[in-house]
Amino acid sequence: MAEVIRTDEAPAPGWAYSQAFRSGDTIWLAGQVGIDPATGEVADGVAGQTRQALRNLEAVLRAAGGSLESLVKTTCFLTRVDMFAEFNAAYSEVMGSHRPPRSTIGVELAGGYLVEIEGLAVIE
């Protein structure tokens with residue numbers, strides 16, 4: 001049975017989904033965008049949205065007993081692939097030396113966001 005993971009330190013899901021599910025040691029994280037959960041404001045630019053999306057993922061992981069270092073895979077969605085270098089620099093800044101496998105895909109995101117990041121984590 002999957003356990004629902006929920007925290008007020010990340011934006012509340014706006015639709016029919018959960019922030020994360022835990023099944024055993026595995027955490028399945030829904031995509032996070034660059035919304036500051038305290039203010040409801042969207043961060044400026046692709047770098048700001050990337051940093052905030054990762055902070056939001058980190059908050060959900062903390063609620064599950066983990067951290068960004070628990071991530072074993074991320075999938076990143078960009079509305080403008082010409083901003084990849086700026087996205088990658090902000091992502092690298094936040095992630096530091098922890099570099100899980102990653103896919104980055106160019107898409108159109110609901111809500112007009114520039115970035116969305118989802119993840120898969122293992123917490124032992």
# chains A, B, ... in the order shown; residues from 1 in each chain; ligands from 1
>>> residues_around(residues="A:Gly14", least_positions_apart="4", cutoff="12 Å", atoms="only C-alpha atoms", output="PyMOL selection string")
chain A and resi 10+18-19+30-33+35+110-111
>>> write_last_selection(atoms="all heavy atoms", output="PDB file, in the first residue's frame")
ATOM      1  N   ALA A  10       5.771  22.869   0.680  1.00  0.00           N
ATOM      2  CA  ALA A  10       5.774  22.869  -0.786  1.00  0.00           C
ATOM      3  C   ALA A  10       4.362  23.243  -1.215  1.00  0.00           C
ATOM      4  O   ALA A  10       3.408  23.074  -0.453  1.00  0.00           O
ATOM      5  CB  ALA A  10       6.171  21.504  -1.334  1.00  0.00           C
ATOM      6  N   SER A  18      -1.142  13.827  -5.682  1.00  0.00           N
ATOM      7  CA  SER A  18      -0.472  14.006  -4.403  1.00  0.00           C
ATOM      8  C   SER A  18       0.933  14.549  -4.645  1.00  0.00           C
ATOM      9  O   SER A  18       1.493  14.369  -5.730  1.00  0.00           O
ATOM     10  CB  SER A  18      -0.355  12.665  -3.674  1.00  0.00           C
ATOM     11  OG  SER A  18      -1.639  12.157  -3.391  1.00  0.00           O
ATOM     12  N   GLN A  19       1.516  15.171  -3.626  1.00  0.00           N
ATOM     13  CA  GLN A  19       2.891  15.649  -3.751  1.00  0.00           C
ATOM     14  C   GLN A  19       3.846  14.482  -3.947  1.00  0.00           C
ATOM     15  O   GLN A  19       4.824  14.595  -4.685  1.00  0.00           O
ATOM     16  CB  GLN A  19       3.301  16.454  -2.513  1.00  0.00           C
ATOM     17  CG  GLN A  19       2.603  17.788  -2.410  1.00  0.00           C
ATOM     18  CD  GLN A  19       2.850  18.449  -1.070  1.00  0.00           C
ATOM     19  OE1 GLN A  19       2.895  17.788  -0.030  1.00  0.00           O
ATOM     20  NE2 GLN A  19       2.996  19.764  -1.093  1.00  0.00           N
ATOM     21  N   ALA A  30       5.760  13.992  -7.377  1.00  0.00           N
ATOM     22  CA  ALA A  30       5.073  14.727  -8.435  1.00  0.00           C
ATOM     23  C   ALA A  30       5.946  15.896  -8.876  1.00  0.00           C
ATOM     24  O   ALA A  30       6.806  16.376  -8.130  1.00  0.00           O
ATOM     25  CB  ALA A  30       3.728  15.246  -7.922  1.00  0.00           C
ATOM     26  N   GLY A  31       5.702  16.378 -10.071  1.00  0.00           N
ATOM     27  CA  GLY A  31       6.431  17.539 -10.562  1.00  0.00           C
ATOM     28  C   GLY A  31       6.183  18.762  -9.699  1.00  0.00           C
ATOM     29  O   GLY A  31       5.057  19.002  -9.253  1.00  0.00           O
ATOM     30  N   GLN A  32       7.247  19.512  -9.465  1.00  0.00           N
ATOM     31  CA  GLN A  32       7.163  20.767  -8.722  1.00  0.00           C
ATOM     32  C   GLN A  32       7.551  21.908  -9.658  1.00  0.00           C
ATOM     33  O   GLN A  32       8.443  21.756 -10.488  1.00  0.00           O
ATOM     34  CB  GLN A  32       8.105  20.753  -7.513  1.00  0.00           C
ATOM     35  CG  GLN A  32       7.686  19.800  -6.424  1.00  0.00           C
ATOM     36  CD  GLN A  32       6.441  20.276  -5.692  1.00  0.00           C
ATOM     37  OE1 GLN A  32       6.190  21.462  -5.531  1.00  0.00           O
ATOM     38  NE2 GLN A  32       5.628  19.328  -5.257  1.00  0.00           N
ATOM     39  N   VAL A  33       6.861  23.026  -9.501  1.00  0.00           N
ATOM     40  CA  VAL A  33       7.162  24.228 -10.275  1.00  0.00           C
ATOM     41  C   VAL A  33       7.745  25.274  -9.335  1.00  0.00           C
ATOM     42  O   VAL A  33       7.887  25.044  -8.137  1.00  0.00           O
ATOM     43  CB  VAL A  33       5.900  24.749 -11.008  1.00  0.00           C
ATOM     44  CG1 VAL A  33       5.448  23.742 -12.074  1.00  0.00           C
ATOM     45  CG2 VAL A  33       4.774  25.043 -10.036  1.00  0.00           C
ATOM     46  N   ILE A  35       6.880  27.835  -7.587  1.00  0.00           N
ATOM     47  CA  ILE A  35       6.004  28.631  -6.721  1.00  0.00           C
ATOM     48  C   ILE A  35       6.551  28.608  -5.301  1.00  0.00           C
ATOM     49  O   ILE A  35       6.834  27.535  -4.753  1.00  0.00           O
ATOM     50  CB  ILE A  35       4.568  28.069  -6.705  1.00  0.00           C
ATOM     51  CG1 ILE A  35       3.943  28.120  -8.091  1.00  0.00           C
ATOM     52  CG2 ILE A  35       3.707  28.813  -5.697  1.00  0.00           C
ATOM     53  CD1 ILE A  35       2.587  27.434  -8.172  1.00  0.00           C
ATOM     54  N   ALA A 110       1.212  23.579 -18.330  1.00  0.00           N
ATOM     55  CA  ALA A 110      -0.005  24.247 -17.868  1.00  0.00           C
ATOM     56  C   ALA A 110       0.387  25.334 -16.879  1.00  0.00           C
ATOM     57  O   ALA A 110       1.335  25.190 -16.117  1.00  0.00           O
ATOM     58  CB  ALA A 110      -0.936  23.235 -17.207  1.00  0.00           C
ATOM     59  N   GLY A 111      -0.324  26.440 -16.898  1.00  0.00           N
ATOM     60  CA  GLY A 111      -0.064  27.519 -15.949  1.00  0.00           C
ATOM     61  C   GLY A 111       0.992  28.515 -16.385  1.00  0.00           C
ATOM     62  O   GLY A 111       1.280  29.457 -15.664  1.00  0.00           O
TER      63      GLY A 111
END
>>> atom_distance(atom1="atom CA of A:Glu108", atom2="atom CA of A:Thr26")
28.4 Å
>>> residues_around(residues="A:Ala2", least_positions_apart="3", cutoff="12 Å", atoms="only C-alpha atoms", output="ChimeraX atom specification")
/A:5,18,20-28
>>> atom_distance(atom1="atom CA of A:Leu29", atom2="atom CA of A:Val60")
7.8 Å
>>> select_by_dssp(residues="stretch 49-115 of chain A", states="alpha helix (DSSP H)", output="PyMOL selection string")
chain A and resi 49-63+84-95
>>> closest_residue(among="A:Val72, A:Glu93, A:Phe77, A:Val107", to="A:Gly119", atoms="only C-alpha atoms")
A:Val72
>>> closest_residue(among="A:Gln52, A:Val81, A:His98, A:Ala90", to="A:Ser67", atoms="only C-alpha atoms")
A:His98
